[in-house]
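Participant: First, the structure itself, so that you have it in front of you.
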Amino acid sequence: GASPGVSGYPLVASERPDSSRRIPCVRAMIRPIILLAALLSCTSAAVSGASPSLKPSLRPATTLRLSGGAAPSVPQPSATKSKQTIHDGREVYVLADSDAISAAVAESVAAIGKECIASQGTFTMCVPGGSIVKALSKLPPDSMDFSKVHVFFANERIGEYKCYKGAMDSFVDKCGIPHANVHKVGEGEPAEVAAAYEAEMLKCVAKNDKGIPVMDLVLLGTGEDGHVGSIHPNSDEVMQSGKGKVILPIDKGGKKSIAASMDVFCASSRIILSAAGAGRAPMVKAALSGDFEEWTVPAGLVKSEAGATAWLCDQESVATLNH
């Protein structure tokens, strides 16, 4: 009588199990194997953190924890004169002067960028303009694989693009960062420009559980009044802190700009702030002691929630810190 075939259908005695009949049976066996392999591939991608919505070079790898499980850190600059750790974990590295601070900024970026690229294949940093971006001119072009570096801006004046131009002139072209990896702020009214830049940042950078993009490094200069980026004391922008905002539109006094929020700064894995000169000493003392009224010293609110925060100061700016 009939006996069951490989595919489950009866095979009558008169049928010869030649190759023309075996092929469909083999295909029937292979099909579920292919489906299982595809399922395992998707599962593996989900576990590894790959996301089809991200640019290929910007996968949300270990931005909050390095492969060895250690928390992100800011390495101590080689020219450090002294070091102090504040009660909340912020570190203060004291250097000789503003030139030494500039060299330390470049040294720190080189070390952190190399570490991030080695551990996760990419390095994202958010930069302002001014002295910080000028300091990056000291970045050695061979210090990391700059094709894996992505640059975002902490603030920008729409139409003038001083931060973008400063970055291009200072380190982008010198180090060979692809222009496509330099995320320039767009044209238009502040609200629409802010929305577009927020969408770009969210598309390209891994997010934390609050939906805030997590940069590998944020660099910030500080003003004597304690402002950072375009977040000034007692401003509408500083009062948005903790509200889950990403990019803030600013339209005041005929000046149209955008600013990354305090939430973006604090979500970063590493933050480096700089402060030089005696004129910043009162601000440094207030910011690091926490002795200031709410919203009056934005620099004092900057602290990485899951990583490291370091201040690079000179001896004049910390002269009253412990007094």
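Letters for chains follow the order of the structure tokens (A, B, ...), residue numbers begin at 1 for each chain, and ligand numbers begin at 1 in the order shown.
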When you look at Ser317 of chain A with a cut-off of 9 Å (counting only C-alpha atoms), what residues show up, excluding the ones that are within fewer than 4 positions of it in the same chain? I need them as a list in words.
Facilitator: Val94, Ala275, Ala276, Gly277, Ala278, Gly279, Arg280, Ala281, Pro282, Met283, Val284, Lys285, Cys313 and Leu321 of chain A
Participant: Take the residues that were just selected and, keeping N, CA, C and O atoms, output them as a PDB file, in the first residue's frame.
Facilitator:
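Resulting contents of out14.pdb:
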```
ATOM      1  N   VAL A  94      42.607  71.288  37.299  1.00  0.00           N
ATOM      2  CA  VAL A  94      43.191  72.628  37.288  1.00  0.00           C
ATOM      3  C   VAL A  94      44.462  72.619  36.452  1.00  0.00           C
ATOM      4  O   VAL A  94      45.373  71.814  36.688  1.00  0.00           O
ATOM      5  N   ALA A 275      36.568  76.874  31.965  1.00  0.00           N
ATOM      6  CA  ALA A 275      36.440  78.182  32.614  1.00  0.00           C
ATOM      7  C   ALA A 275      37.832  78.697  32.926  1.00  0.00           C
ATOM      8  O   ALA A 275      38.610  78.028  33.612  1.00  0.00           O
ATOM      9  N   ALA A 276      38.139  79.884  32.405  1.00  0.00           N
ATOM     10  CA  ALA A 276      39.462  80.460  32.627  1.00  0.00           C
ATOM     11  C   ALA A 276      39.339  81.918  33.040  1.00  0.00           C
ATOM     12  O   ALA A 276      38.422  82.623  32.611  1.00  0.00           O
ATOM     13  N   GLY A 277      40.257  82.362  33.877  1.00  0.00           N
ATOM     14  CA  GLY A 277      40.327  83.761  34.259  1.00  0.00           C
ATOM     15  C   GLY A 277      39.655  84.074  35.579  1.00  0.00           C
ATOM     16  O   GLY A 277      38.683  83.422  35.980  1.00  0.00           O
ATOM     17  N   ALA A 278      40.173  85.116  36.241  1.00  0.00           N
ATOM     18  CA  ALA A 278      39.641  85.517  37.547  1.00  0.00           C
ATOM     19  C   ALA A 278      38.192  85.974  37.457  1.00  0.00           C
ATOM     20  O   ALA A 278      37.434  85.844  38.425  1.00  0.00           O
ATOM     21  N   GLY A 279      37.796  86.490  36.304  1.00  0.00           N
ATOM     22  CA  GLY A 279      36.419  86.953  36.148  1.00  0.00           C
ATOM     23  C   GLY A 279      35.386  85.854  36.277  1.00  0.00           C
ATOM     24  O   GLY A 279      34.215  86.122  36.567  1.00  0.00           O
ATOM     25  N   ARG A 280      35.799  84.610  36.074  1.00  0.00           N
ATOM     26  CA  ARG A 280      34.881  83.479  36.183  1.00  0.00           C
ATOM     27  C   ARG A 280      34.920  82.824  37.566  1.00  0.00           C
ATOM     28  O   ARG A 280      34.153  81.895  37.828  1.00  0.00           O
ATOM     29  N   ALA A 281      35.787  83.268  38.427  1.00  0.00           N
ATOM     30  CA  ALA A 281      35.934  82.638  39.736  1.00  0.00           C
ATOM     31  C   ALA A 281      34.639  82.606  40.542  1.00  0.00           C
ATOM     32  O   ALA A 281      34.278  81.556  41.098  1.00  0.00           O
ATOM     33  N   PRO A 282      33.875  83.715  40.655  1.00  0.00           N
ATOM     34  CA  PRO A 282      32.613  83.648  41.406  1.00  0.00           C
ATOM     35  C   PRO A 282      31.624  82.660  40.798  1.00  0.00           C
ATOM     36  O   PRO A 282      30.932  81.932  41.526  1.00  0.00           O
ATOM     37  N   MET A 283      31.568  82.621  39.468  1.00  0.00           N
ATOM     38  CA  MET A 283      30.661  81.693  38.810  1.00  0.00           C
ATOM     39  C   MET A 283      31.078  80.247  39.056  1.00  0.00           C
ATOM     40  O   MET A 283      30.237  79.383  39.343  1.00  0.00           O
ATOM     41  N   VAL A 284      32.378  79.964  38.952  1.00  0.00           N
ATOM     42  CA  VAL A 284      32.874  78.603  39.173  1.00  0.00           C
ATOM     43  C   VAL A 284      32.550  78.147  40.587  1.00  0.00           C
ATOM     44  O   VAL A 284      32.081  77.007  40.801  1.00  0.00           O
ATOM     45  N   LYS A 285      32.769  79.023  41.559  1.00  0.00           N
ATOM     46  CA  LYS A 285      32.477  78.665  42.939  1.00  0.00           C
ATOM     47  C   LYS A 285      30.987  78.374  43.122  1.00  0.00           C
ATOM     48  O   LYS A 285      30.609  77.368  43.748  1.00  0.00           O
ATOM     49  N   CYS A 313      39.731  74.009  34.360  1.00  0.00           N
ATOM     50  CA  CYS A 313      39.858  75.373  34.871  1.00  0.00           C
ATOM     51  C   CYS A 313      41.324  75.761  34.977  1.00  0.00           C
ATOM     52  O   CYS A 313      42.209  74.902  35.013  1.00  0.00           O
ATOM     53  N   LEU A 321      37.333  78.685  45.039  1.00  0.00           N
ATOM     54  CA  LEU A 321      36.461  77.519  45.089  1.00  0.00           C
ATOM     55  C   LEU A 321      36.330  76.933  46.488  1.00  0.00           C
ATOM     56  O   LEU A 321      35.238  76.553  46.919  1.00  0.00           O
TER      57      LEU A 321
END
```
Participant: Atom CA of Pro298 of chain A and atom CA of Val218 of chain A, how far apart in Å?
Facilitator: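 Calculated distance between atom CA of Val218 of chain A and atom CA of Pro298 of chain A is 14.9 Å.
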Participant: Could you check how far atom CA of Ala260 of chain A sits from atom CA of Val109 of chain A, in Å to one decimal?
Facilitator: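 Going from atom CA of Ala260 of chain A over to atom CA of Val109 of chain A, I get 19.7 Å.
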Participant: Using Å and a single decimal, report how far atom CA of Ala110 of chain A sits from atom CA of Ser137 of chain A.
Facilitator: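 Result for atom CA of Ser137 of chain A versus atom CA of Ala110 of chain A: 11.6 Å, one decimal.
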Participant: Step one, run DSSP on the backbone; step two, keep only residues of segment 215-311 of chain A assigned to alpha helix (DSSP H); then write them as a count of residues only.
Facilitator: 15
Participant: Could you tell me which of A:Ser268, A:Thr320, A:Ser241, A:Ser230 comes closest to Glu156 of chain A if we count only C-alpha atoms?
Facilitator: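 Going through A:Ser268, A:Thr320, A:Ser241, A:Ser230 one by one, the smallest distance to Glu156 of chain A is for A:Ser230.
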Participant: From the set A:Asn181, A:Ser274, A:Asn322, A:Thr122, which residue has the shortest atom-to-atom contact distance to Tyr93 of chain A, counting only C-alpha atoms?
Facilitator: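 Counting only C-alpha atoms, the residue closest to Tyr93 of chain A is A:Ser274.
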Participant: Pick from A:Val74, A:Ala135, A:Ala100, A:Cys204: nearest to Gly113 of chain A, with only C-alpha atoms counted?
Facilitator: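 Smallest distance to Gly113 of chain A is found for A:Val74.
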Participant: Looking at only C-alpha atoms, which of A:Gly253, A:Pro178, A:Gly307, A:Pro75 is the one that sits closest to Met215 of chain A?
Facilitator: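 Closest residue, counting only C-alpha atoms: A:Gly307.
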Participant: Tell me, as an NGL selection string, which residues lie within 7 Å of Val151 of chain A, counting only C-alpha atoms; anything in the same chain fewer than 4 positions away does not count.
Facilitator: :A and (124-126 or 181-183)
